[in-house]
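Data block for final.txt (compact mmCIF, C-alpha atoms):
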# COMPACT_ATOMS: atom_id res chain seq x y z
CA MET U 1115 -87.49 202.55 -52.41
CA ALA U 1116 -89.09 205.92 -52.72
CA ASN U 1117 -88.90 207.96 -49.57
CA ALA U 1118 -92.02 210.09 -49.67
CA LEU U 1119 -91.30 211.85 -46.38
CA ASP U 1120 -87.94 213.00 -47.74
CA ASP U 1121 -89.63 214.32 -50.90
CA VAL U 1122 -92.19 216.37 -48.96
CA LYS U 1123 -89.45 217.61 -46.63
CA ASN U 1124 -87.24 218.67 -49.56
CA THR U 1125 -90.10 220.64 -51.15
CA PHE U 1126 -90.62 222.54 -47.90
CA LEU U 1127 -86.93 223.23 -47.23
CA SER U 1128 -86.35 224.38 -50.83
CA LEU U 1129 -89.26 226.76 -50.57
CA ASP U 1130 -88.09 228.01 -47.17
CA SER U 1131 -84.59 228.79 -48.43
CA GLN U 1132 -85.93 230.80 -51.40
CA TYR U 1133 -89.01 232.34 -49.83
CA ASN U 1134 -87.62 235.82 -49.11
CA MET U 1135 -86.20 236.21 -52.62
CA LEU U 1136 -89.34 234.88 -54.28
CA LEU U 1137 -91.59 237.12 -52.19
CA ALA U 1138 -89.49 240.11 -53.22
CA GLY U 1139 -89.94 239.01 -56.85
CA CYS U 1140 -93.74 238.93 -56.64
CA LYS U 1141 -95.29 241.80 -58.58
CA THR U 1142 -98.89 241.55 -57.39
CA GLN U 1143 -100.66 240.89 -54.11
CA GLU U 1144 -102.26 237.86 -55.75
CA GLN U 1145 -98.81 236.39 -56.41
CA ARG U 1146 -97.71 237.13 -52.86
CA ASP U 1147 -100.83 235.47 -51.48
CA ALA U 1148 -100.30 232.42 -53.71
CA LEU U 1149 -96.68 232.06 -52.58
CA THR U 1150 -97.61 232.43 -48.92
CA ALA U 1151 -100.40 229.87 -49.27
CA GLN U 1152 -98.05 227.36 -50.92
CA TYR U 1153 -95.45 227.86 -48.18
CA SER U 1154 -98.08 227.24 -45.52
CA ALA U 1155 -99.31 224.13 -47.35
CA ALA U 1156 -95.77 222.77 -47.82
CA GLN U 1157 -95.08 223.24 -44.11
CA GLN U 1158 -98.32 221.49 -43.13
CA HIS U 1159 -97.65 218.63 -45.54
CA TYR U 1160 -94.24 218.01 -44.02
CA GLN U 1161 -95.55 218.11 -40.45
CA SER U 1162 -98.43 215.78 -41.42
CA ALA U 1163 -96.14 213.40 -43.28
CA LEU U 1164 -93.92 213.20 -40.23
CA ASN U 1165 -96.89 212.06 -38.19
CA ALA U 1166 -97.89 209.47 -40.70
CA VAL U 1167 -96.31 206.25 -41.75
CA LEU U 1168 -95.96 206.62 -45.48
CA ASN U 1169 -96.27 203.42 -47.40
CA ASP U 1170 -93.18 203.65 -49.55
CA ASP U 1171 -93.78 200.18 -50.93
CA ASP U 1172 -96.93 201.24 -52.74
CA ALA U 1173 -96.29 201.53 -56.50
CA GLN U 1174 -98.59 204.52 -56.89
CA VAL U 1175 -96.83 206.35 -54.07
CA ALA U 1176 -93.49 205.53 -55.68
CA ALA U 1177 -94.66 206.95 -59.01
CA LEU U 1178 -95.94 210.14 -57.39
CA SER U 1179 -92.73 210.39 -55.45
CA THR U 1180 -90.73 210.26 -58.68
CA GLN U 1181 -92.84 213.10 -60.11
CA LEU U 1182 -92.37 215.09 -56.93
CA LYS U 1183 -88.60 214.68 -57.16
CA ALA U 1184 -88.69 216.17 -60.67
CA LEU U 1185 -90.84 219.08 -59.50
CA ASN U 1186 -88.56 219.60 -56.51
CA THR U 1187 -85.68 220.08 -58.93
CA GLN U 1188 -87.64 222.90 -60.53
CA VAL U 1189 -88.41 224.42 -57.14
CA VAL U 1190 -84.70 224.35 -56.28
CA GLN U 1191 -84.00 226.24 -59.52
CA ALA U 1192 -86.77 228.75 -58.82
CA THR U 1193 -84.40 231.55 -57.86
CA SER U 1194 -82.85 231.62 -61.32
CA GLN U 1195 -86.33 231.89 -62.85
CA VAL U 1196 -87.50 234.66 -60.56
CA GLY U 1197 -88.06 236.88 -63.62
CA ASP U 1198 -91.02 234.67 -64.49
CA ILE U 1199 -92.61 234.61 -61.07
CA SER U 1200 -95.92 233.19 -62.34
CA LYS U 1201 -94.15 230.13 -63.73
CA VAL U 1202 -92.22 229.72 -60.49
CA ILE U 1203 -95.42 229.83 -58.42
CA ASP U 1204 -97.03 227.33 -60.81
CA ASN U 1205 -94.13 224.92 -60.29
CA ILE U 1206 -94.26 225.37 -56.54
CA THR U 1207 -98.03 224.83 -56.55
CA ALA U 1208 -97.61 221.63 -58.58
CA ALA U 1209 -94.97 220.30 -56.17
CA VAL U 1210 -96.98 221.15 -53.06
CA SER U 1211 -100.15 219.64 -54.56
CA LEU U 1212 -98.31 216.43 -55.36
CA GLY U 1213 -97.04 216.37 -51.78
CA ALA U 1214 -100.66 216.58 -50.63
CA LYS U 1215 -101.55 213.54 -52.76
CA LEU U 1216 -98.68 211.58 -51.21
CA ILE U 1217 -99.95 212.39 -47.74
CA THR U 1218 -103.49 211.25 -48.50
CA MET U 1219 -102.02 207.90 -49.54
CA ALA U 1220 -100.13 207.61 -46.30
CA ALA U 1221 -100.97 205.06 -43.69
CA PRO U 1222 -102.73 206.34 -40.55
CA GLY U 1223 -100.61 208.53 -38.30
CA PRO U 1224 -99.02 207.42 -35.05
CA VAL U 1225 -101.75 208.84 -32.86
CA MET E 128 -82.81 222.86 -19.35
CA PRO E 129 -86.31 224.28 -19.60
CA GLU E 130 -87.04 222.51 -22.87
CA ARG E 131 -86.40 219.15 -21.32
CA GLN E 132 -88.44 220.03 -18.28
CA ALA E 133 -91.28 221.12 -20.50
CA LEU E 134 -90.97 217.91 -22.45
CA ASN E 135 -90.98 215.80 -19.34
CA SER E 136 -93.90 217.69 -17.87
CA SER E 137 -95.95 216.80 -20.92
CA ILE E 138 -95.17 213.12 -20.56
CA ARG E 139 -98.19 210.91 -20.12
CA PRO E 140 -97.28 207.23 -19.64
CA THR E 141 -99.16 204.99 -22.00
CA ARG E 142 -100.33 201.45 -21.61
CA CYS E 143 -97.69 200.49 -24.14
CA VAL E 144 -94.94 201.98 -22.02
CA LYS E 145 -96.09 200.25 -18.87
CA ALA E 146 -96.64 196.94 -20.60
CA ILE E 147 -93.20 196.83 -22.16
CA ALA E 148 -91.49 197.97 -18.99
CA VAL E 149 -93.24 195.40 -16.81
CA ALA E 150 -92.66 192.69 -19.40
CA LEU E 151 -88.94 193.39 -19.42
CA ILE E 152 -88.75 192.95 -15.67
CA CYS E 153 -90.81 189.77 -15.85
CA GLY E 154 -88.59 188.45 -18.60
CA LEU E 155 -85.36 189.29 -16.86
CA ALA E 156 -86.65 187.79 -13.61
CA LEU E 157 -87.46 184.56 -15.39
CA ILE E 158 -84.15 184.54 -17.21
CA ALA E 159 -82.53 184.85 -13.78
CA GLY E 160 -84.38 181.73 -12.76
CA CYS E 161 -82.83 179.64 -15.51
CA LYS E 162 -79.46 181.35 -15.87
CA THR E 163 -76.76 182.53 -13.54
CA GLN E 164 -77.67 185.51 -11.41
CA ASP E 165 -74.55 187.34 -12.63
CA ASP E 166 -75.46 187.19 -16.30
CA ALA E 167 -79.07 188.24 -15.66
CA ALA E 168 -77.99 191.10 -13.42
CA SER E 169 -75.40 192.15 -16.01
CA ALA E 170 -78.05 192.05 -18.75
CA ALA E 171 -80.25 194.30 -16.61
CA THR E 172 -77.43 196.75 -15.96
CA GLN E 173 -76.56 196.92 -19.64
CA MET E 174 -80.20 197.34 -20.58
CA SER E 175 -80.53 200.15 -18.05
CA ALA E 176 -77.55 202.03 -19.54
CA THR E 177 -78.73 201.50 -23.11
CA ALA E 178 -82.29 202.55 -22.29
CA LYS E 179 -81.02 205.69 -20.57
CA SER E 180 -79.14 206.61 -23.72
CA LEU E 181 -82.28 205.97 -25.74
CA SER E 182 -84.27 208.24 -23.42
CA ASP E 183 -81.62 210.98 -23.70
CA TYR E 184 -81.58 210.55 -27.48
CA TYR E 185 -85.34 211.13 -27.68
CA ALA E 186 -85.15 214.01 -25.19
CA ALA E 187 -82.50 215.68 -27.38
CA LEU E 188 -84.80 215.28 -30.36
CA GLY E 189 -87.45 216.98 -28.25
CA VAL E 190 -85.15 220.00 -27.84
CA ILE E 191 -84.58 220.04 -31.59
CA LEU E 192 -88.32 219.97 -32.22
CA SER E 193 -88.88 222.72 -29.66
CA ASN E 194 -86.25 224.86 -31.41
CA THR E 195 -87.96 224.19 -34.75
CA ASP E 196 -91.17 225.55 -33.25
CA LYS E 197 -89.28 228.69 -32.16
CA ILE E 198 -87.78 229.17 -35.62
CA TYR E 199 -91.22 228.87 -37.22
CA ALA E 200 -92.44 231.60 -34.86
CA ILE E 201 -89.40 233.85 -35.57
CA ASN E 202 -89.82 233.36 -39.33
CA ALA E 203 -93.47 234.35 -39.05
CA ARG E 204 -92.52 237.51 -37.16
CA LEU E 205 -89.50 238.58 -39.23
CA TYR E 206 -90.30 237.32 -42.72
CA SER E 207 -94.06 236.77 -42.78
CA LYS E 208 -93.57 233.06 -43.36
CA PRO E 209 -96.91 231.59 -42.26
CA TYR E 210 -97.07 229.26 -39.26
CA SER E 211 -100.61 227.95 -39.27
CA ASP E 212 -102.57 226.52 -36.37
CA GLU E 213 -102.66 223.21 -38.24
CA SER E 214 -98.85 223.11 -38.46
CA ARG E 215 -98.60 223.98 -34.76
CA LYS E 216 -101.03 221.16 -33.98
CA GLN E 217 -99.05 218.67 -36.08
CA LEU E 218 -95.78 219.69 -34.45
CA LYS E 219 -97.37 219.30 -31.01
CA THR E 220 -98.46 215.79 -32.01
CA THR E 221 -94.87 214.95 -32.91
CA GLN E 222 -93.70 216.37 -29.58
CA ASP E 223 -96.23 214.17 -27.77
CA GLU E 224 -94.99 211.10 -29.67
CA LEU E 225 -91.42 211.92 -28.69
CA ALA E 226 -92.43 212.46 -25.06
CA ARG E 227 -93.96 208.96 -24.99
CA ARG E 228 -90.69 207.50 -26.25
CA VAL E 229 -88.68 209.48 -23.69
CA GLN E 230 -90.91 208.01 -20.98
CA LEU E 231 -90.77 204.49 -22.42
CA ALA E 232 -86.99 204.46 -22.48
CA ALA E 233 -86.73 206.12 -19.06
CA ASP E 234 -89.08 203.50 -17.57
CA LEU E 235 -86.99 200.72 -19.08
CA SER E 236 -83.83 202.23 -17.66
CA THR E 237 -85.21 202.72 -14.17
CA LEU E 238 -86.92 199.35 -13.93
CA ALA E 239 -84.01 197.44 -15.41
CA GLY E 240 -81.76 199.23 -12.93
CA ASN E 241 -83.96 197.98 -10.09
CA PHE E 242 -83.94 194.45 -11.44
CA ALA E 243 -81.71 193.08 -8.70
CA LYS E 244 -84.31 194.04 -6.08
CA LEU E 245 -86.98 192.12 -7.97
CA THR E 246 -85.04 188.84 -7.99
CA GLY E 247 -85.61 188.39 -4.26
CA SER E 248 -88.23 186.33 -2.52
CA GLU E 249 -91.03 188.71 -3.46
CA ALA E 250 -90.38 188.32 -7.18
CA PRO E 251 -92.92 185.52 -7.81
CA ALA E 252 -95.73 187.64 -6.36
CA ASP E 253 -94.58 190.60 -8.42
CA VAL E 254 -94.50 188.48 -11.55
CA ALA E 255 -98.02 187.17 -10.92
CA ALA E 256 -99.34 190.67 -10.34
CA SER E 257 -97.53 191.94 -13.41
CA CYS E 258 -99.03 189.15 -15.52
CA ASN E 259 -102.55 190.19 -14.58
CA LYS E 260 -101.72 193.78 -15.41
CA LEU E 261 -100.05 192.81 -18.70
CA GLU E 262 -103.07 190.87 -19.88
CA THR E 263 -105.14 194.02 -19.87
CA GLU E 264 -102.39 196.29 -21.10
CA VAL E 265 -101.12 194.37 -24.12
CA ASP E 266 -104.17 195.37 -26.14
CA GLY E 267 -103.19 198.99 -25.63
CA LEU E 268 -100.54 198.49 -28.28
CA ALA E 269 -103.18 198.01 -30.95
CA SER E 270 -104.15 201.67 -30.75
CA ARG E 271 -100.67 202.72 -31.76
CA THR E 272 -100.17 202.77 -35.48
CA ALA E 273 -96.60 204.06 -35.91
CA SER E 274 -94.27 201.44 -37.33
CA THR E 275 -97.09 198.93 -37.31
CA GLY E 276 -95.03 195.86 -38.18
CA GLU E 277 -92.55 196.41 -35.40
CA GLN E 278 -95.24 197.25 -32.87
CA ASN E 279 -97.09 194.06 -33.80
CA MET E 280 -93.85 192.17 -33.21
CA ILE E 281 -93.56 193.73 -29.75
CA LYS E 282 -97.22 192.95 -29.06
CA SER E 283 -96.80 189.31 -30.08
CA ALA E 284 -93.74 189.00 -27.89
CA LEU E 285 -95.66 190.47 -24.96
CA GLN E 286 -98.57 188.07 -25.47
CA LEU E 287 -96.17 185.12 -25.61
CA LEU E 288 -94.46 186.40 -22.50
CA VAL E 289 -97.74 186.69 -20.57
CA THR E 290 -98.77 183.17 -21.57
CA ALA E 291 -95.36 181.74 -20.75
CA ILE E 292 -95.29 183.40 -17.34
CA GLN E 293 -98.79 182.18 -16.53
CA GLU E 294 -97.86 178.65 -17.53
CA ARG E 295 -94.48 178.88 -15.77
CA LYS E 296 -92.64 178.13 -19.02
CA GLU E 297 -89.42 179.90 -18.24
CA ARG E 298 -87.64 179.00 -21.46
CA ASP E 299 -90.52 180.36 -23.58
CA ALA E 300 -90.60 183.48 -21.46
CA ALA E 301 -86.90 184.03 -21.98
CA ARG E 302 -87.37 183.69 -25.74
CA ALA E 303 -90.25 186.15 -25.64
CA MET E 304 -87.99 188.56 -23.78
CA ASP E 305 -85.41 188.03 -26.50
CA SER E 306 -88.05 188.79 -29.15
CA LEU E 307 -89.15 191.88 -27.26
CA ALA E 308 -85.63 193.34 -27.20
CA SER E 309 -85.30 192.62 -30.91
CA GLY E 310 -88.66 194.32 -31.54
CA LEU E 311 -87.53 197.46 -29.75
CA SER E 312 -84.36 197.57 -31.81
CA ASN E 313 -86.34 197.14 -35.03
CA LEU E 314 -88.83 199.82 -33.97
CA PHE E 315 -85.97 202.29 -33.53
CA ASP E 316 -84.57 201.50 -36.97
CA LYS E 317 -88.00 201.70 -38.62
CA GLU E 318 -88.70 205.12 -37.17
CA ALA E 319 -85.20 206.49 -37.80
CA PRO E 320 -86.07 208.16 -41.16
CA ALA E 321 -88.85 210.17 -39.49
CA TRP E 322 -86.54 211.38 -36.73
CA ASN E 323 -83.76 212.03 -39.26
CA SER E 324 -86.10 214.40 -41.05
CA VAL E 325 -86.76 216.26 -37.78
CA ASP E 326 -83.04 216.93 -37.45
CA GLU E 327 -82.62 217.87 -41.12
CA VAL E 328 -85.56 220.27 -41.10
CA TYR E 329 -84.29 221.94 -37.94
CA SER E 330 -80.73 222.38 -39.25
CA GLY E 331 -82.07 223.49 -42.66
CA LEU E 332 -84.49 226.06 -41.20
CA ALA E 333 -81.87 227.33 -38.74
CA ALA E 334 -79.27 227.73 -41.50
CA ASN E 335 -81.78 229.51 -43.78
CA LEU E 336 -82.72 231.90 -40.96
CA ALA E 337 -79.07 232.51 -40.03
CA ASN E 338 -78.22 233.29 -43.68
CA SER E 339 -81.16 235.70 -43.92
CA LEU E 340 -80.01 237.50 -40.79
CA VAL E 341 -76.46 237.75 -42.17
CA ASP E 342 -77.89 239.18 -45.40
CA GLN E 343 -79.75 241.81 -43.39
CA ASN E 344 -76.63 242.76 -41.46
CA ALA E 345 -78.43 241.65 -38.30
CA VAL E 346 -75.52 239.51 -37.13
CA ASP E 347 -72.28 240.68 -35.51
CA ASN E 348 -69.78 238.97 -37.79
CA THR E 349 -66.80 240.16 -35.74
CA ALA E 350 -67.26 236.99 -33.67
CA LEU E 351 -65.31 235.42 -36.54
CA LEU E 352 -62.26 237.45 -35.50
CA LYS E 353 -62.01 235.56 -32.24
CA ALA E 354 -59.48 233.13 -33.72
CA ALA E 355 -57.08 235.98 -34.39
CA LEU E 356 -57.71 238.17 -31.35
CA GLU E 357 -58.33 235.82 -28.45
CA PRO E 358 -54.74 234.49 -28.21
CA PHE E 359 -53.67 238.09 -27.57
CA GLY E 360 -56.34 238.81 -25.01
CA LEU E 361 -58.12 241.19 -27.37
CA THR E 362 -61.74 241.59 -28.38
CA PRO E 363 -63.05 243.12 -31.61
CA ALA E 364 -64.50 246.61 -31.67
CA PRO E 365 -68.15 246.94 -32.69
CA ALA E 366 -68.12 246.26 -36.41
CA SER E 367 -68.86 248.95 -38.94
CA VAL E 368 -71.44 248.07 -41.58
CA GLU E 369 -68.59 247.85 -44.10
CA VAL E 370 -66.52 245.39 -42.04
CA ASN E 371 -69.61 243.32 -41.23
CA ALA E 372 -70.49 243.11 -44.94
CA LYS E 373 -66.95 242.03 -45.85
CA LEU E 374 -67.12 239.25 -43.27
CA ALA E 375 -70.56 238.06 -44.45
CA PRO E 376 -69.21 235.43 -46.90
CA VAL E 377 -67.04 233.97 -44.12
CA ALA E 378 -70.07 233.90 -41.82
CA LYS E 379 -72.12 232.11 -44.47
CA GLN E 380 -69.36 229.55 -44.98
CA GLN E 381 -69.32 228.94 -41.23
CA ILE E 382 -73.10 228.44 -41.27
CA ALA E 383 -72.76 225.88 -44.08
CA ASP E 384 -69.86 224.08 -42.37
CA ARG E 385 -71.61 223.88 -39.02
CA GLN E 386 -74.89 222.78 -40.58
CA ALA E 387 -73.02 219.87 -42.18
CA ALA E 388 -71.31 219.13 -38.85
CA LEU E 389 -74.64 219.17 -36.98
CA GLU E 390 -76.18 216.72 -39.42
CA ALA E 391 -73.11 214.47 -39.35
CA SER E 392 -73.14 214.48 -35.55
CA TYR E 393 -76.81 213.48 -35.50
CA THR E 394 -76.22 210.71 -38.05
CA ASN E 395 -73.35 209.35 -35.95
CA ALA E 396 -75.51 209.39 -32.82
CA THR E 397 -78.38 207.62 -34.58
CA ASP E 398 -76.07 204.96 -35.99
CA ALA E 399 -74.53 204.49 -32.55
CA MET E 400 -77.97 204.20 -30.90
CA SER E 401 -79.04 201.62 -33.45
CA LYS E 402 -75.85 199.61 -32.89
CA SER E 403 -76.26 199.82 -29.10
CA LEU E 404 -79.81 198.48 -29.28
CA LYS E 405 -78.78 195.68 -31.61
CA GLU E 406 -75.87 194.74 -29.37
CA MET E 407 -78.14 194.80 -26.33
CA SER E 408 -80.62 192.58 -28.15
CA GLU E 409 -77.87 190.14 -29.11
CA ARG E 410 -76.63 189.91 -25.54
CA ILE E 411 -80.13 189.23 -24.20
CA HIS E 412 -80.43 186.58 -26.89
CA LEU E 413 -77.32 184.88 -25.52
CA VAL E 414 -78.72 184.90 -21.98
CA ALA E 415 -82.07 183.61 -23.24
CA GLU E 416 -80.29 180.77 -25.03
CA ASP E 417 -78.47 179.88 -21.80
CA LYS E 418 -75.14 180.84 -23.34
CA PRO E 419 -72.43 182.74 -21.47
CA MET E 420 -72.35 186.49 -21.89
CA ALA E 421 -68.98 187.54 -23.29
CA PHE E 422 -69.24 191.25 -22.47
CA ARG E 423 -70.55 192.74 -19.25
CA ALA E 424 -69.99 196.45 -19.87
CA PRO E 425 -72.67 198.51 -21.67
CA PRO E 426 -72.20 198.71 -25.46
CA VAL E 427 -69.36 201.13 -26.23
CA THR E 428 -71.47 202.99 -28.80
CA VAL E 429 -73.64 204.30 -25.94
CA SER E 430 -71.02 206.98 -25.17
CA THR E 431 -71.34 208.44 -28.70
CA VAL E 432 -75.08 208.85 -28.16
CA GLU E 433 -74.56 210.42 -24.74
CA GLN E 434 -72.06 212.95 -26.09
CA TRP E 435 -74.47 214.10 -28.79
CA ALA E 436 -77.46 214.19 -26.45
CA THR E 437 -75.52 216.14 -23.79
CA GLN E 438 -74.52 218.71 -26.41
CA VAL E 439 -78.08 219.16 -27.71
CA LEU E 440 -79.67 219.20 -24.24
CA SER E 441 -77.33 222.09 -23.30
CA TRP E 442 -78.72 224.32 -26.09
Starting from the file, give its structure as structure tokens.
Amino acid sequence: MANALDDVKNTFLSLDSQYNMLLAGCKTQEQRDALTAQYSAAQQHYQSALNAVLNDDDAQVAALSTQLKALNTQVVQATSQVGDISKVIDNITAAVSLGAKLITMAAPGPV
Amino acid sequence: MPERQALNSSIRPTRCVKAIAVALICGLALIAGCKTQDDAASAATQMSATAKSLSDYYAALGVILSNTDKIYAINARLYSKPYSDESRKQLKTTQDELARRVQLAADLSTLAGNFAKLTGSEAPADVAASCNKLETEVDGLASRTASTGEQNMIKSALQLLVTAIQERKERDAARAMDSLASGLSNLFDKEAPAWNSVDEVYSGLAANLANSLVDQNAVDNTALLKAALEPFGLTPAPASVEVNAKLAPVAKQQIADRQAALEASYTNATDAMSKSLKEMSERIHLVAEDKPMAFRAPPVTVSTVEQWATQVLSW
């Protein structure tokens, strides 16, 4: 069974562990702003997912979760691609956006 | 333990908490009416100990969540990692959910511990009053959406219990009590992945921050020399930048090792809590089925939970 909460959590923790290095690799203010925005979004997605009951049994959620796992792998490898910071930020943006889709499919939160 | 005090001060008992707590007392009182007083009293004592562990478990998670909030704030200050108002609001929501569970488990522990007093001559009046209260409180569960299936199971058990008590069907009431205990155990297991993630995110964020501080030479790595110096009553001199840098890889290895140990310790505690609740549920099932209770001491796994919770609550 796909564990959507785990996927969103992994995206956030991967980004957190590489944030300082990636920020140092940004060449423009626009890139820095994009990275910061994605970090903020990833953090919010995790905190929201925690407060929701994700329906892991839903086939569409499972499919999205599989895609997110693949993107998370790319985020984990981001440090080695820091020379191409635009590509790294694109990958991070894709992963965080997919996390947002997972959350919108979640069941209502506990409160 | 200021964190725990803060957590407890934010506790606001819910209808759900009250309903379950009162229902447990009603159920145990009725079980006592159809089973030996010793077994019922023993079940109450065991439930009290198990519920206290559950309350401590949730309180420890509250400390972990509070520390996560602090790390977010430190990261924002030191590394410009954003910590938005929305994230703060979501984290506060999680803290409130945890506080409700701390209160639920604490209520169960206290009330189950007082069970013996409720089996006296005043018990029937208490049960009648509790039934009236339960009727209005059971619906409060519907507003809670976490772990819906398990909460519905608890709600159904409560409704059956209210009906059984009103109709003086002691056997049905005992079975409802049995179902209620099972529902609580299932609720814990269903929510475990969410709470696991709380622990993993905390240990992950803490390790990332610790590694960043080591990288910046903002940590005194000579603490690592304690193993060599302490037996001789010696303490390290303030480290030079060069010595600190040479010790950095050892410091990072220690961070990785202890992160793994923290997560393993949490996993053990969660497994032990789950086993304790299941064992408690099975024992109540025996009493409800009018079968002798083989064990009268609290589940042994409770001590594993207590050790972990005591460690975390001392942070």
Can you check which parts of chain U lie within 9 Å of chain E? Per residue, the shortest pair of atoms and distance in Å to one decimal, counting all atoms listed in the file, sorted by chain and number, as CSV.
residue,atom,partner,partner_atom,distance
U:Asn1117,CA,E:Pro320,CA,8.9
U:Leu1119,CA,E:Ala321,CA,7.5
U:Asp1120,CA,E:Ser324,CA,7.1
U:Lys1123,CA,E:Ser324,CA,7.3
U:Asn1124,CA,E:Val328,CA,8.8
U:Phe1126,CA,E:Val328,CA,8.8
U:Leu1127,CA,E:Gly331,CA,6.7
U:Asp1130,CA,E:Leu332,CA,7.2
U:Ser1131,CA,E:Asn335,CA,5.5
U:Gln1132,CA,E:Asn335,CA,8.8
U:Tyr1133,CA,E:Lys208,CA,7.9
U:Asn1134,CA,E:Tyr206,CA,7.1
U:Thr1150,CA,E:Pro209,CA,6.7
U:Ala1151,CA,E:Pro209,CA,8.0
U:Tyr1153,CA,E:Pro209,CA,7.1
U:Ser1154,CA,E:Pro209,CA,5.6
U:Ala1155,CA,E:Ser214,CA,9.0
U:Gln1157,CA,E:Ser214,CA,6.8
U:Gln1158,CA,E:Ser214,CA,5.0
U:His1159,CA,E:Ser214,CA,8.5
U:Tyr1160,CA,E:Ser214,CA,8.8
U:Gln1161,CA,E:Gln217,CA,5.6
U:Ser1162,CA,E:Gln217,CA,6.1
U:Ala1163,CA,E:Ala321,CA,8.8
U:Leu1164,CA,E:Ala321,CA,6.0
U:Asn1165,CA,E:Thr221,CA,6.3
U:Ala1166,CA,E:Ala273,CA,7.3
U:Val1167,CA,E:Ala273,CA,6.2
U:Ala1221,CA,E:Thr272,CA,8.6
U:Pro1222,CA,E:Thr272,CA,6.7
U:Gly1223,CA,E:Thr272,CA,6.4
U:Pro1224,CA,E:Ala273,CA,4.2
U:Val1225,CA,E:Arg271,CA,6.3
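Separating CA of Phe422 in chain E from CA of Asp183 in chain E is a distance of 23.3 Å.
Put simply, CA of Asp384 in chain E is 28.6 Å away from CA of Ser182 in chain E.
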Compile the contact shell of Leu181 in chain E as a list in words: residues with an atom at most 10 Å away, counting all atoms listed in the file, same-chain residues fewer than 5 positions apart removed.
Ser175, Ala176, Ala186, Ala187, Arg228, Val229, Leu231, Ala232, Ala233, Leu235, Ser236, Phe315, Thr397, Met400, Ser401, Ser403, Leu404, Val429, Val432, Glu433 and Ala436 of chain E
Would you kindly identify which residues have an atom no farther than 6 Å from (-99.2, 230.5, -55.8), using only C-alpha atoms and the file's own coordinates, and write them out as a ChimeraX atom specification?
/U:1145,1148-1149,1152,1203,1207
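The interatomic distance for the pair CA of Leu314 in chain E and CA of Thr172 in chain E works out to 21.5 Å.
Between Ala333 in chain E and the residues E:Thr195, E:Ser169, E:Ser180, E:Asn371, the shortest atom-to-atom distance, using all atoms listed in the file, involves E:Thr195.
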Contacts of range 350-354 of chain E at 8 Å (only C-alpha atoms; same-chain gap of 5+ positions) as a CSV table (one decimal) with C-alpha atoms, in the coordinates of the input:
chain,number,residue,atom,x,y,z
E,362,THR,CA,-61.7,241.6,-28.4
E,363,PRO,CA,-63.0,243.1,-31.6
E,374,LEU,CA,-67.1,239.2,-43.3
E,377,VAL,CA,-67.0,234.0,-44.1
E,378,ALA,CA,-70.1,233.9,-41.8
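Residues surrounding Arg410 in chain E within 10 Å are Asp166, Ser169, Ala170, Gln173, Met174, Asp305, Ala308, Leu404, Lys405, Glu406, Met407, Ser408, His412, Leu413, Val414, Ala415, Glu416, Lys418, Pro419, Met420, Ala421, Phe422, Arg423 and Pro426 of chain E [only C-alpha atoms; sequence separation below 2 positions excluded].
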